[in-house]
>>> print(open('input-v3.cif').read())   # mmCIF, C-alpha atoms
data_final
loop_
_atom_site.label_atom_id
_atom_site.label_comp_id
_atom_site.auth_asym_id
_atom_site.auth_seq_id
_atom_site.Cartn_x
_atom_site.Cartn_y
_atom_site.Cartn_z
CA MET A 124 -7.48 -16.72 62.68
CA ASP A 125 -8.14 -20.47 62.64
CA ASN A 126 -7.25 -22.43 59.55
CA GLN A 127 -5.44 -19.62 57.82
CA ALA A 128 -3.10 -21.26 55.33
CA LYS A 129 0.35 -20.06 54.30
CA TRP A 130 1.87 -21.14 51.03
CA LEU A 131 5.16 -22.99 51.50
CA CYS A 132 6.27 -24.35 48.13
CA GLN A 133 5.40 -26.62 45.27
CA LEU A 134 5.52 -30.34 45.96
CA SER A 135 7.94 -30.61 43.04
CA ASP A 136 10.31 -28.18 44.76
CA ILE A 137 11.33 -30.89 47.18
CA GLU A 138 12.78 -34.24 46.20
CA GLU A 139 12.20 -37.58 47.90
CA GLY A 140 14.32 -37.84 51.03
CA GLN A 141 14.92 -34.10 51.10
CA SER A 142 13.83 -31.41 53.52
CA LYS A 143 13.10 -27.70 53.29
CA GLY A 144 12.80 -25.05 55.97
CA PHE A 145 10.65 -21.93 56.17
CA PHE A 146 10.25 -18.67 58.06
CA LEU A 147 13.80 -17.67 59.04
CA ASN A 148 14.24 -16.01 62.40
CA ASP A 149 16.91 -13.44 63.26
CA ASP A 150 19.36 -16.20 64.17
CA GLY A 151 19.21 -17.59 60.64
CA ASN A 152 17.20 -20.63 61.71
CA ASP A 153 14.00 -21.88 60.08
CA GLN A 154 10.97 -21.99 62.33
CA ILE A 155 9.47 -25.04 60.63
CA PHE A 156 10.55 -27.57 58.04
CA ILE A 157 8.96 -30.18 55.84
CA VAL A 158 10.31 -33.50 54.66
CA LYS A 159 9.25 -35.59 51.68
CA HIS A 160 9.12 -39.27 52.55
CA ALA A 161 7.49 -41.97 50.39
CA GLY A 162 5.92 -39.25 48.29
CA GLN A 163 4.19 -37.59 51.24
CA VAL A 164 5.05 -34.33 52.96
CA TYR A 165 5.39 -34.09 56.72
CA GLY A 166 5.82 -30.82 58.61
CA TRP A 167 7.70 -30.33 61.86
CA LYS A 168 8.73 -27.50 64.11
CA ASN A 169 12.48 -26.81 64.00
CA ALA A 170 13.00 -27.55 67.67
CA CYS A 171 14.75 -30.63 69.00
CA PRO A 172 12.92 -31.97 72.08
CA HIS A 173 16.32 -32.61 73.68
CA ILE A 174 16.94 -28.93 74.39
CA ASP A 175 13.96 -26.65 74.19
CA GLY A 176 13.94 -24.90 70.86
CA ALA A 177 17.30 -26.20 69.64
CA PRO A 178 17.61 -25.72 65.87
CA MET A 179 18.17 -29.00 64.06
CA ALA A 180 19.66 -28.49 60.60
CA TRP A 181 23.40 -28.28 59.99
CA ARG A 182 22.92 -26.08 56.96
CA LYS A 183 19.88 -24.28 55.58
CA ASP A 184 17.29 -26.95 54.64
CA ALA A 185 19.61 -29.83 55.70
CA TYR A 186 17.52 -31.75 58.23
CA MET A 187 18.00 -35.30 56.99
CA ASP A 188 20.70 -37.76 57.97
CA ALA A 189 23.14 -38.95 55.30
CA SER A 190 20.93 -41.96 54.47
CA LYS A 191 17.99 -39.60 53.79
CA GLN A 192 15.80 -42.01 55.79
CA TYR A 193 15.62 -40.10 59.06
CA ILE A 194 15.30 -36.54 60.25
CA ALA A 195 18.43 -35.74 62.26
CA CYS A 196 19.15 -33.14 64.87
CA HIS A 197 22.63 -32.00 63.94
CA ALA A 198 23.28 -30.71 67.45
CA HIS A 199 23.83 -34.12 69.03
CA GLY A 200 22.87 -36.58 66.32
CA ALA A 201 19.34 -37.55 67.40
CA LEU A 202 17.40 -39.39 64.70
CA PHE A 203 13.64 -39.08 64.17
CA GLU A 204 11.17 -41.02 62.05
CA PRO A 205 10.04 -38.65 59.31
CA VAL A 206 6.40 -39.85 59.47
CA SER A 207 5.82 -40.06 63.24
CA GLY A 208 8.45 -37.62 64.48
CA PHE A 209 9.50 -40.11 67.15
CA CYS A 210 13.14 -40.02 68.23
CA ILE A 211 14.66 -43.46 67.71
CA GLN A 212 18.28 -42.64 68.59
CA GLY A 213 19.95 -39.94 70.62
CA PRO A 214 19.49 -37.92 73.78
CA CYS A 215 15.72 -37.46 73.36
CA LYS A 216 14.91 -41.08 72.56
CA GLY A 217 11.18 -41.70 73.02
CA LYS A 218 10.22 -38.06 72.64
CA ARG A 219 8.86 -36.66 69.42
CA LEU A 220 9.02 -33.59 67.27
CA GLU A 221 6.18 -31.09 67.34
CA LYS A 222 4.02 -31.54 64.29
CA VAL A 223 2.86 -28.75 62.05
CA VAL A 224 -0.07 -29.41 59.75
CA THR A 225 0.49 -29.20 56.04
CA GLU A 226 -1.80 -29.88 53.12
CA ILE A 227 -1.22 -30.29 49.41
CA ASP A 228 -3.84 -28.95 47.02
CA GLN A 229 -4.69 -30.34 43.61
CA MET A 230 -2.22 -27.96 41.97
CA GLY A 231 0.62 -29.41 44.01
CA ASN A 232 0.96 -26.43 46.33
CA VAL A 233 2.12 -27.26 49.84
CA TRP A 234 0.32 -25.19 52.50
CA LEU A 235 0.97 -24.68 56.15
CA ILE A 236 -2.34 -24.87 57.98
CA HIS A 237 -2.46 -22.66 61.02
CA SER A 238 -4.84 -23.62 63.76
CA ASN A 239 -5.10 -23.08 67.48
CA LYS A 240 -3.10 -26.24 68.03
CA ASN A 241 -0.41 -25.39 65.52
CA LYS A 242 0.60 -21.79 65.76
CA MET B 120 53.90 -37.47 80.00
CA ASN B 121 54.33 -34.33 78.08
CA ILE B 122 51.08 -34.34 76.09
CA VAL B 123 50.95 -30.98 74.31
CA GLY B 124 47.33 -31.17 73.17
CA LEU B 125 45.11 -32.55 70.46
CA GLU B 126 46.77 -33.42 67.17
CA SER B 127 43.78 -34.65 65.17
CA ILE B 128 40.23 -35.94 65.44
CA VAL B 129 39.09 -38.64 63.01
CA PHE B 130 35.51 -38.69 61.77
CA ALA B 131 33.99 -41.34 59.54
CA VAL B 132 31.08 -40.06 57.49
CA GLU B 133 28.71 -41.12 54.71
CA ASP B 134 28.84 -37.84 52.79
CA ILE B 135 32.47 -36.83 52.33
CA ALA B 136 31.69 -33.99 49.92
CA SER B 137 29.26 -32.16 52.20
CA CYS B 138 31.50 -32.59 55.23
CA ALA B 139 34.51 -31.36 53.26
CA THR B 140 32.62 -28.23 52.23
CA PHE B 141 31.52 -27.67 55.81
CA LEU B 142 35.05 -27.91 57.23
CA THR B 143 36.48 -25.73 54.48
CA ASP B 144 33.82 -23.07 55.05
CA TYR B 145 34.63 -23.25 58.76
CA GLY B 146 38.15 -22.21 57.81
CA LEU B 147 40.17 -25.41 57.80
CA ILE B 148 42.58 -25.96 54.93
CA PRO B 149 42.05 -29.11 52.82
CA VAL B 150 45.25 -31.16 52.46
CA ASP B 151 45.43 -34.31 50.31
CA VAL B 152 41.65 -34.48 50.12
CA THR B 153 39.97 -36.90 47.72
CA ASP B 154 36.45 -38.26 47.43
CA LYS B 155 37.47 -40.76 50.11
CA GLY B 156 38.44 -38.13 52.66
CA GLY B 157 41.58 -36.37 53.78
CA ARG B 158 42.96 -33.82 56.20
CA PHE B 159 41.52 -30.42 57.09
CA GLU B 160 44.21 -28.44 58.82
CA ALA B 161 44.50 -25.40 61.01
CA LEU B 162 47.47 -23.08 60.49
CA ASP B 163 49.70 -25.19 62.73
CA GLY B 164 48.83 -28.46 60.97
CA THR B 165 46.55 -29.89 63.67
CA CYS B 166 43.48 -31.18 61.93
CA VAL B 167 40.24 -33.02 61.43
CA VAL B 168 40.66 -36.20 59.40
CA LEU B 169 37.68 -37.26 57.30
CA ALA B 170 37.23 -40.85 56.19
CA GLU B 171 34.45 -42.89 54.66
CA ALA B 172 32.13 -44.62 57.11
CA SER B 173 32.81 -47.86 55.24
CA ASN B 174 36.59 -47.60 55.81
CA GLN B 175 37.44 -50.88 57.54
CA SER B 176 40.88 -49.69 58.63
CA LEU B 177 39.34 -47.33 61.18
CA PRO B 178 38.45 -48.20 64.75
CA PRO B 179 34.71 -48.89 65.11
CA SER B 180 32.23 -46.27 66.31
CA VAL B 181 31.31 -46.28 69.98
CA GLY B 182 27.71 -46.46 68.77
CA ASN B 183 24.80 -44.06 69.27
CA GLY B 184 25.47 -42.63 65.82
CA CYS B 185 28.82 -41.21 66.96
CA MET B 186 30.92 -40.46 63.87
CA MET B 187 34.12 -39.73 65.78
CA ARG B 188 36.39 -42.77 65.56
CA LYS B 189 39.60 -41.61 67.18
CA THR B 190 41.20 -38.72 69.03
CA VAL B 191 44.96 -38.30 68.54
CA MET B 192 47.07 -36.40 71.04
CA GLY B 193 50.50 -34.95 70.38
CA VAL B 194 53.48 -35.50 72.67
CA ALA B 195 56.76 -33.62 72.85
CA ASN B 196 59.15 -36.40 71.89
CA GLU B 197 59.79 -40.14 71.50
CA GLN B 198 60.51 -40.55 75.19
CA ASP B 199 57.03 -39.31 76.04
CA LEU B 200 55.56 -41.67 73.48
CA GLU B 201 57.41 -44.60 75.05
CA ALA B 202 56.33 -43.54 78.53
CA ILE B 203 52.69 -43.62 77.43
CA ARG B 204 53.19 -46.98 75.72
CA THR B 205 54.71 -48.40 78.90
CA GLU B 206 51.99 -46.99 81.12
CA LEU B 207 49.02 -48.10 79.03
CA SER B 208 50.55 -51.50 78.26
CA LYS B 209 50.12 -52.40 81.92
CA ASP B 210 46.45 -53.20 81.42
CA ARG B 211 45.49 -52.83 77.75
CA ASP B 212 46.69 -53.33 74.21
CA VAL B 213 48.82 -50.61 72.69
CA THR B 214 49.28 -50.89 68.93
CA SER B 215 52.13 -49.36 66.94
CA LEU B 216 50.96 -47.91 63.63
CA ALA B 217 52.93 -47.45 60.43
CA ASP B 218 53.05 -43.67 60.83
CA GLY B 219 55.01 -43.98 64.09
CA SER B 220 52.03 -43.30 66.32
CA ILE B 221 50.55 -45.61 68.93
CA GLU B 222 46.90 -46.46 69.45
CA SER B 223 44.98 -47.65 72.46
CA ILE B 224 41.66 -47.12 74.21
CA ASP B 225 40.63 -45.05 77.22
CA ASP B 226 38.52 -46.27 80.12
CA MET B 227 35.37 -44.92 78.48
CA GLY B 228 35.91 -46.95 75.33
CA PHE B 229 37.09 -44.11 73.11
CA VAL B 230 40.01 -44.96 70.84
CA ILE B 231 42.97 -42.68 71.48
CA GLY B 232 46.21 -42.23 69.59
CA PHE B 233 49.50 -40.57 70.42
CA GLN B 234 52.20 -39.25 68.14
CA VAL B 235 55.21 -37.01 68.40
CA THR B 236 53.64 -33.69 67.59
CA LYS B 237 53.96 -32.41 64.04
CA ARG B 238 52.65 -28.97 64.92
CA LYS B 239 54.25 -26.20 62.91
CA THR B 240 55.65 -23.37 64.98
CA MET B 241 53.59 -20.23 64.45
CA SER B 242 54.75 -16.68 64.93
CA LEU B 243 51.61 -14.67 64.42
CA THR B 244 50.36 -11.87 66.57
CA GLY B 245 46.87 -12.28 67.92
CA GLU B 246 44.14 -9.72 68.13
CA ILE B 247 45.39 -6.54 69.77
CA SER B 248 42.92 -4.00 71.06
CA ASN B 249 43.79 -0.33 71.42
CA ALA B 250 43.06 -0.14 75.12
CA PRO B 251 43.87 3.35 76.40
CA GLY B 252 46.86 3.18 78.71
CA SER B 253 48.05 -0.19 77.46
CA PRO B 254 51.71 -0.35 76.35
CA LEU B 255 50.69 -2.81 73.65
CA GLN B 256 48.69 -1.21 70.83
CA ARG B 257 47.96 -2.05 67.19
CA PRO B 258 50.31 -0.32 64.78
CA VAL B 259 49.04 3.10 63.76
CA ASN B 260 46.84 3.07 60.64
CA GLN B 261 46.23 -0.65 60.95
CA ASN B 262 42.51 -1.35 60.86
CA ALA B 263 41.07 -3.84 63.32
CA VAL B 264 38.28 -4.78 60.94
CA ASN B 265 38.62 -5.81 57.32
CA VAL B 266 35.29 -6.82 55.85
CA ASN B 267 37.08 -7.87 52.68
CA ALA B 268 39.43 -10.24 54.46
CA GLU B 269 39.87 -13.58 52.73
CA GLN B 270 38.80 -16.83 54.41
CA ILE B 271 39.78 -16.77 58.06
CA HIS B 272 41.68 -19.85 59.24
CA PRO B 273 41.77 -21.23 62.78
CA ARG B 274 45.19 -21.51 64.35
CA THR B 275 45.14 -24.80 66.19
CA LEU B 276 42.94 -27.64 67.40
CA SER B 277 41.67 -26.55 70.79
CA HIS B 278 39.55 -29.08 72.65
CA ILE B 279 37.09 -31.93 72.50
CA VAL B 280 34.12 -32.57 74.77
CA TYR B 281 32.87 -36.09 75.33
CA PHE B 282 29.60 -37.42 76.71
CA VAL B 283 30.53 -40.16 79.19
CA SER B 284 28.51 -42.22 81.64
CA ASP B 285 31.09 -41.90 84.43
CA PRO B 286 32.99 -38.58 84.43
CA ALA B 287 34.89 -39.52 87.61
CA LYS B 288 36.21 -42.65 85.94
CA ALA B 289 37.13 -40.70 82.82
CA GLU B 290 38.91 -38.07 84.89
CA ALA B 291 40.83 -40.70 86.83
CA PHE B 292 42.12 -42.28 83.63
CA TYR B 293 43.34 -39.05 82.09
CA VAL B 294 44.77 -37.70 85.37
CA GLU B 295 46.34 -40.84 86.82
CA ARG B 296 47.42 -42.56 83.63
CA LEU B 297 48.18 -39.69 81.27
CA GLY B 298 49.22 -36.85 83.57
CA PHE B 299 46.32 -34.44 83.01
CA ARG B 300 45.22 -31.85 85.63
CA CYS B 301 41.73 -30.70 86.47
CA THR B 302 41.61 -26.92 85.99
CA ASP B 303 37.93 -26.32 86.85
CA ARG B 304 34.86 -28.40 87.42
CA PHE B 305 31.10 -28.16 86.89
CA GLU B 306 29.31 -30.00 89.66
CA GLY B 307 26.94 -32.54 88.26
CA MET B 308 28.55 -32.33 84.85
CA GLY B 309 32.28 -32.99 84.79
CA PRO B 310 35.88 -31.77 84.80
CA PHE B 311 37.90 -29.54 82.49
CA LEU B 312 41.24 -31.27 81.94
CA GLN B 313 44.62 -29.92 80.88
CA PRO B 314 47.51 -32.15 79.81
CA ALA B 315 50.98 -31.46 81.19
CA GLY B 316 52.46 -30.03 77.99
CA THR B 317 50.20 -27.01 77.52
CA LEU B 318 48.96 -24.09 79.57
CA ASP B 319 45.57 -24.02 77.82
CA HIS B 320 42.70 -24.13 80.31
CA HIS B 321 41.46 -27.36 78.80
CA THR B 322 41.91 -29.71 75.88
CA HIS B 323 39.33 -32.16 77.21
CA PHE B 324 36.02 -31.74 78.99
CA PHE B 325 33.78 -34.57 80.10
CA ILE B 326 30.01 -34.31 80.45
CA GLY B 327 28.17 -36.95 82.43
CA ALA B 328 25.36 -38.45 80.35
CA PRO B 329 23.49 -41.74 79.94
CA GLU B 330 25.32 -44.52 78.13
CA PHE B 331 23.03 -44.11 75.11
CA MET B 332 24.52 -40.64 74.60
CA LYS B 333 28.16 -41.71 74.75
CA GLY B 334 29.95 -39.74 72.07
CA VAL B 335 31.10 -36.23 71.33
CA GLU B 336 29.32 -33.03 72.39
CA HIS B 337 31.62 -30.71 70.45
CA PHE B 338 35.11 -29.97 69.25
CA THR B 339 36.71 -26.66 68.37
CA PHE B 340 39.72 -24.81 67.06
CA HIS B 341 41.30 -21.65 68.45
CA PHE B 342 40.98 -18.49 66.35
CA ALA B 343 43.14 -15.38 66.71
CA GLY B 344 40.66 -13.42 68.78
CA PRO B 345 37.04 -12.42 69.24
CA THR B 346 36.92 -10.45 65.99
CA GLU B 347 37.90 -13.53 63.99
CA VAL B 348 35.29 -15.60 65.81
CA MET B 349 32.60 -12.99 65.14
CA GLN B 350 33.56 -12.38 61.53
CA ASN B 351 34.08 -16.02 60.66
CA GLY B 352 30.91 -17.05 62.49
CA SER B 353 28.85 -14.38 60.76
CA ARG B 354 30.13 -15.48 57.38
CA PHE B 355 29.38 -19.09 58.32
CA ILE B 356 25.77 -18.13 59.01
CA GLU B 357 25.56 -16.19 55.77
CA LYS B 358 26.54 -19.40 53.99
CA GLY B 359 23.54 -21.11 55.55
CA TYR B 360 25.13 -22.89 58.49
CA GLN B 361 23.11 -23.06 61.66
CA ALA B 362 24.23 -21.44 64.90
CA PHE B 363 23.32 -23.19 68.13
CA TRP B 364 24.74 -21.04 70.95
CA GLY B 365 26.64 -17.80 70.89
CA PRO B 366 28.55 -15.76 70.27
CA GLY B 367 29.45 -15.23 73.87
CA ARG B 368 32.20 -15.68 76.40
CA HIS B 369 32.61 -18.55 78.82
CA ILE B 370 33.55 -18.07 82.46
CA PHE B 371 35.63 -21.22 83.03
CA GLY B 372 38.46 -20.82 80.52
CA SER B 373 37.23 -17.34 79.53
CA ASN B 374 37.18 -18.38 75.90
CA TRP B 375 34.94 -16.63 73.41
CA PHE B 376 32.58 -19.17 71.89
CA TRP B 377 30.18 -19.67 69.04
CA TYR B 378 28.66 -23.10 68.60
CA PHE B 379 27.20 -24.46 65.37
CA ASN B 380 25.40 -27.62 64.34
CA SER B 381 27.44 -29.92 62.15
CA PRO B 382 27.09 -32.98 59.92
CA PHE B 383 29.20 -34.91 62.47
CA ALA B 384 26.39 -35.63 64.96
CA CYS B 385 27.92 -33.12 67.37
CA HIS B 386 28.53 -29.41 67.61
CA ILE B 387 31.52 -27.56 66.27
CA GLU B 388 32.71 -24.42 68.03
CA MET B 389 34.82 -21.45 67.07
CA ASP B 390 36.78 -20.26 70.10
CA ALA B 391 39.39 -17.67 71.02
CA ASP B 392 41.37 -16.25 73.90
CA MET B 393 41.31 -19.12 76.37
CA ASP B 394 42.92 -18.63 79.79
CA LEU B 395 46.35 -20.14 80.44
CA HIS B 396 47.08 -21.88 83.72
CA ASP B 397 50.05 -23.59 85.30
CA LYS B 398 50.43 -25.97 88.21
CA THR B 399 49.83 -23.22 90.74
CA TRP B 400 46.24 -22.78 89.55
CA GLN B 401 43.59 -23.93 92.01
CA ALA B 402 40.64 -25.57 90.29
CA ARG B 403 37.29 -23.89 90.87
CA THR B 404 33.99 -25.68 91.24
CA ALA B 405 30.58 -24.33 90.26
CA PRO B 406 27.15 -25.86 89.84
CA ILE B 407 26.23 -26.13 86.20
CA SER B 408 23.87 -23.43 85.05
CA ALA B 409 23.51 -20.96 82.23
CA ASP B 410 24.74 -18.19 84.50
CA ASN B 411 27.90 -20.11 85.32
CA SER B 412 28.76 -21.00 81.75
CA GLN B 413 28.32 -17.73 79.86
CA ALA B 414 29.63 -14.37 81.00
CA PHE B 415 27.50 -12.79 78.30
CA LEU B 416 25.74 -13.83 75.15
CA LEU B 417 25.42 -11.76 72.02
CA ARG B 418 22.72 -12.07 69.41
CA TYR B 419 22.87 -12.00 65.68
CA ARG B 420 20.48 -9.56 64.03
CA ASN B 421 19.78 -9.42 60.34
CA LYS B 422 18.41 -5.91 60.27
CA TRP B 423 19.45 -3.27 62.70
CA ALA B 424 18.02 -0.11 61.21
CA PRO B 425 15.29 0.88 58.81
CA GLY B 426 16.53 0.62 55.27
CA GLN B 427 16.64 -1.73 52.34
CA ASP B 428 14.73 -4.95 53.00
CA SER B 429 13.33 -3.52 56.22
CA THR B 430 9.73 -2.88 56.97
CA PRO B 431 8.78 0.84 57.13
CA LYS B 432 9.31 0.66 60.87
CA GLY B 433 12.46 -1.42 60.70
CA ASP B 434 12.84 -3.76 63.62
CA TYR B 435 10.52 -1.69 65.72
CA GLU B 436 7.38 -2.96 64.07
CA GLU B 437 5.59 -5.62 66.10
#
>>> encode(input="input-v3.cif", output="structure tokens")
Amino acid sequence: MDNQAKWLCQLSDIEEGQSKGFFLNDDGNDQIFIVKHAGQVYGWKNACPHIDGAPMAWRKDAYMDASKQYIACHAHGALFEPVSGFCIQGPCKGKRLEKVVTEIDQMGNVWLIHSNKNK
Amino acid sequence: MNIVGLESIVFAVEDIASCATFLTDYGLIPVDVTDKGGRFEALDGTCVVLAEASNQSLPPSVGNGCMMRKTVMGVANEQDLEAIRTELSKDRDVTSLADGSIESIDDMGFVIGFQVTKRKTMSLTGEISNAPGSPLQRPVNQNAVNVNAEQIHPRTLSHIVYFVSDPAKAEAFYVERLGFRCTDRFEGMGPFLQPAGTLDHHTHFFIGAPEFMKGVEHFTFHFAGPTEVMQNGSRFIEKGYQAFWGPGRHIFGSNWFWYFNSPFACHIEMDADMDLHDKTWQARTAPISADNSQAFLLRYRNKWAPGQDSTPKGDYEE
């Protein structure tokens, strides 16, 4: 099932500095989320490296800090670079988020690319 | 030092509007709230105070992204306030504020305030279960569950949990200088502390953590009982808020819990039915582990039977 893509949204559905989550589990938490930073989309697993699997948003789709510059874990306030996923402040400083691969096609559709490395 | 408990917790935030919505949806009652902040009260008037991060009149943050600027405790009367002023003045500044409260700093560097408590006296029954054989039952024909109930409100500010680099030092300050007692202790983590003016199992809990984590782990208000916690928490999730741990029941303190992420760089809890202890209570000690911190843990499930929005096999389909 390598490289099977799942449609996430249109690029225009998400504004600069905003985030959006997908694939709700039974606890009401997204499994992954994407952020739009400097016009690009970056995808991350909704799991803070501080505590295995800890959900990060404070409200559905709300993964960014108030400045909209960093991804934040709203459990303990860890901040992550939206491009690299590295934690720059908080309990998991130096660790990084688990990346999920996304691609944008010429029609502006954002796709989640499944592969063996990114289930 | 008759400290009766927490009176208010002050947070300074960038996005007042979102935080105000969050606290209101949690069940706190907005009082004198503007676009610059305000009070969000429980039924007894204890509260969270929101202010703008740029507000220069507030104490500074302890760093690490901590948005909590001050924890205010209530005392029984002016004599208690003066006793605290005298005690803390021995080795640190104690400032008198215009509202009659005093402000100082604890040994961890957290700003603390004290005021004669303004808690309103409540006379509200809690949750009563119809336990066979119990002399205390709900009135006949009174339903325990009302799915159409209006917004549920917490009753009072319960406790705050700090990350500190030296829990022993923190405990010594609160016990020796402010008259707290240790009610229970997690080895390798920290003490549950109870001030002299309440029987609540704890109003403060300290978790040992590296200095770069210094801040708040969570804060919480008491609700009337487990049904309010479950119903309010479920509604909170339906509004899109994100649960972190729970619902379940703790062992130390016995309180029902449900933890949620928040826009305050810490968790917020809904709790109910905490144990009461007096001076005769002997503090227990346990190693920290999941088994020692949750008596049981319940899980939220969107679909519980085949039906609308279910797959043909309901939850049973792999």
>>> atom_distance(input="input-v3.cif", atom1="atom CA of B:Gly365", atom2="atom CA of B:Lys333")
24.3 Å
>>> closest_residue(input="input-v3.cif", among="A:His173, A:Lys129, A:His237, A:Lys159", to="A:Gln141", atoms="all atoms listed in the file")
A:Lys159
>>> resolve_selection(input="input-v3.cif", expression="the PyMOL selection byres ((chain A) within 12 of (chain B))", output="CSV table (one decimal) with C-alpha atoms, in the frame of the given file")
chain,number,residue,atom,x,y,z
A,144,GLY,CA,12.8,-25.0,56.0
A,147,LEU,CA,13.8,-17.7,59.0
A,148,ASN,CA,14.2,-16.0,62.4
A,149,ASP,CA,16.9,-13.4,63.3
A,150,ASP,CA,19.4,-16.2,64.2
A,151,GLY,CA,19.2,-17.6,60.6
A,152,ASN,CA,17.2,-20.6,61.7
A,153,ASP,CA,14.0,-21.9,60.1
A,169,ASN,CA,12.5,-26.8,64.0
A,170,ALA,CA,13.0,-27.6,67.7
A,171,CYS,CA,14.8,-30.6,69.0
A,173,HIS,CA,16.3,-32.6,73.7
A,174,ILE,CA,16.9,-28.9,74.4
A,175,ASP,CA,14.0,-26.6,74.2
A,176,GLY,CA,13.9,-24.9,70.9
A,177,ALA,CA,17.3,-26.2,69.6
A,178,PRO,CA,17.6,-25.7,65.9
A,179,MET,CA,18.2,-29.0,64.1
A,180,ALA,CA,19.7,-28.5,60.6
A,181,TRP,CA,23.4,-28.3,60.0
A,182,ARG,CA,22.9,-26.1,57.0
A,183,LYS,CA,19.9,-24.3,55.6
A,184,ASP,CA,17.3,-27.0,54.6
A,185,ALA,CA,19.6,-29.8,55.7
A,186,TYR,CA,17.5,-31.8,58.2
A,187,MET,CA,18.0,-35.3,57.0
A,188,ASP,CA,20.7,-37.8,58.0
A,189,ALA,CA,23.1,-39.0,55.3
A,190,SER,CA,20.9,-42.0,54.5
A,191,LYS,CA,18.0,-39.6,53.8
A,195,ALA,CA,18.4,-35.7,62.3
A,196,CYS,CA,19.2,-33.1,64.9
A,197,HIS,CA,22.6,-32.0,63.9
A,198,ALA,CA,23.3,-30.7,67.4
A,199,HIS,CA,23.8,-34.1,69.0
A,200,GLY,CA,22.9,-36.6,66.3
A,201,ALA,CA,19.3,-37.6,67.4
A,202,LEU,CA,17.4,-39.4,64.7
A,211,ILE,CA,14.7,-43.5,67.7
A,212,GLN,CA,18.3,-42.6,68.6
A,213,GLY,CA,20.0,-39.9,70.6
A,214,PRO,CA,19.5,-37.9,73.8
A,215,CYS,CA,15.7,-37.5,73.4
A,216,LYS,CA,14.9,-41.1,72.6
>>> closest_residue(input="input-v3.cif", among="B:Asn265, B:Asn351, B:Ser284, B:Gln313", to="B:Gly327", atoms="all atoms listed in the file")
B:Ser284
>>> resolve_selection(input="input-v3.cif", expression="the PyMOL selection byres ((chain B and resi 375) around 7)", output="list in words")
Pro345, Gly367, Arg368, His369, Ser373, Asn374, Phe376, Asp390, Ala391 and Asp392 of chain B
>>> resolve_selection(input="input-v3.cif", expression="the PyMOL selection byres ((chain A and resi 219) around 9)", output="ChimeraX atom specification")
/A:171-172,203-204,207-210,215-218,220-222
>>> write_last_selection(input="input-v3.cif", atoms="C-alpha atoms", output="PDB file, in the coordinates of the input")
ATOM      1  CA  CYS A 171      14.750 -30.630  69.000  1.00  0.00           C
ATOM      2  CA  PRO A 172      12.920 -31.970  72.080  1.00  0.00           C
ATOM      3  CA  PHE A 203      13.640 -39.080  64.170  1.00  0.00           C
ATOM      4  CA  GLU A 204      11.170 -41.020  62.050  1.00  0.00           C
ATOM      5  CA  SER A 207       5.820 -40.060  63.240  1.00  0.00           C
ATOM      6  CA  GLY A 208       8.450 -37.620  64.480  1.00  0.00           C
ATOM      7  CA  PHE A 209       9.500 -40.110  67.150  1.00  0.00           C
ATOM      8  CA  CYS A 210      13.140 -40.020  68.230  1.00  0.00           C
ATOM      9  CA  CYS A 215      15.720 -37.460  73.360  1.00  0.00           C
ATOM     10  CA  LYS A 216      14.910 -41.080  72.560  1.00  0.00           C
ATOM     11  CA  GLY A 217      11.180 -41.700  73.020  1.00  0.00           C
ATOM     12  CA  LYS A 218      10.220 -38.060  72.640  1.00  0.00           C
ATOM     13  CA  LEU A 220       9.020 -33.590  67.270  1.00  0.00           C
ATOM     14  CA  GLU A 221       6.180 -31.090  67.340  1.00  0.00           C
ATOM     15  CA  LYS A 222       4.020 -31.540  64.290  1.00  0.00           C
TER      16      LYS A 222
END
>>> residues_around(input="input-v3.cif", residues="B:Gln198", least_positions_apart="5", cutoff="10 Å", atoms="all atoms listed in the file", output="number ranges by chain")
B: 120-121, 203-204, 235
>>> closest_residue(input="input-v3.cif", among="B:Val230, B:Ile326, B:Leu417, B:Ile407", to="B:Ser180", atoms="only C-alpha atoms")
B:Val230
>>> residues_around(input="input-v3.cif", residues="A:Gly231", least_positions_apart="5", cutoff="8 Å", atoms="only C-alpha atoms", output="ChimeraX atom specification")
/A:133-135
>>> atom_distance(input="input-v3.cif", atom1="atom CA of B:His278", atom2="atom CA of B:His323")
5.5 Å
>>> atom_distance(input="input-v3.cif", atom1="atom CA of A:Ile194", atom2="atom CA of A:Ser142")
8.6 Å
>>> residues_around(input="input-v3.cif", residues="A:Gln163", least_positions_apart="2", cutoff="12 Å", atoms="all atoms listed in the file", output="CSV table (one decimal) with C-alpha atoms, keeping the file's coordinate frame")
chain,number,residue,atom,x,y,z
A,134,LEU,CA,5.5,-30.3,46.0
A,135,SER,CA,7.9,-30.6,43.0
A,137,ILE,CA,11.3,-30.9,47.2
A,138,GLU,CA,12.8,-34.2,46.2
A,139,GLU,CA,12.2,-37.6,47.9
A,140,GLY,CA,14.3,-37.8,51.0
A,141,GLN,CA,14.9,-34.1,51.1
A,142,SER,CA,13.8,-31.4,53.5
A,157,ILE,CA,9.0,-30.2,55.8
A,158,VAL,CA,10.3,-33.5,54.7
A,159,LYS,CA,9.2,-35.6,51.7
A,160,HIS,CA,9.1,-39.3,52.6
A,161,ALA,CA,7.5,-42.0,50.4
A,165,TYR,CA,5.4,-34.1,56.7
A,166,GLY,CA,5.8,-30.8,58.6
A,205,PRO,CA,10.0,-38.6,59.3
A,206,VAL,CA,6.4,-39.8,59.5
A,225,THR,CA,0.5,-29.2,56.0
A,226,GLU,CA,-1.8,-29.9,53.1
A,227,ILE,CA,-1.2,-30.3,49.4
A,231,GLY,CA,0.6,-29.4,44.0
A,233,VAL,CA,2.1,-27.3,49.8
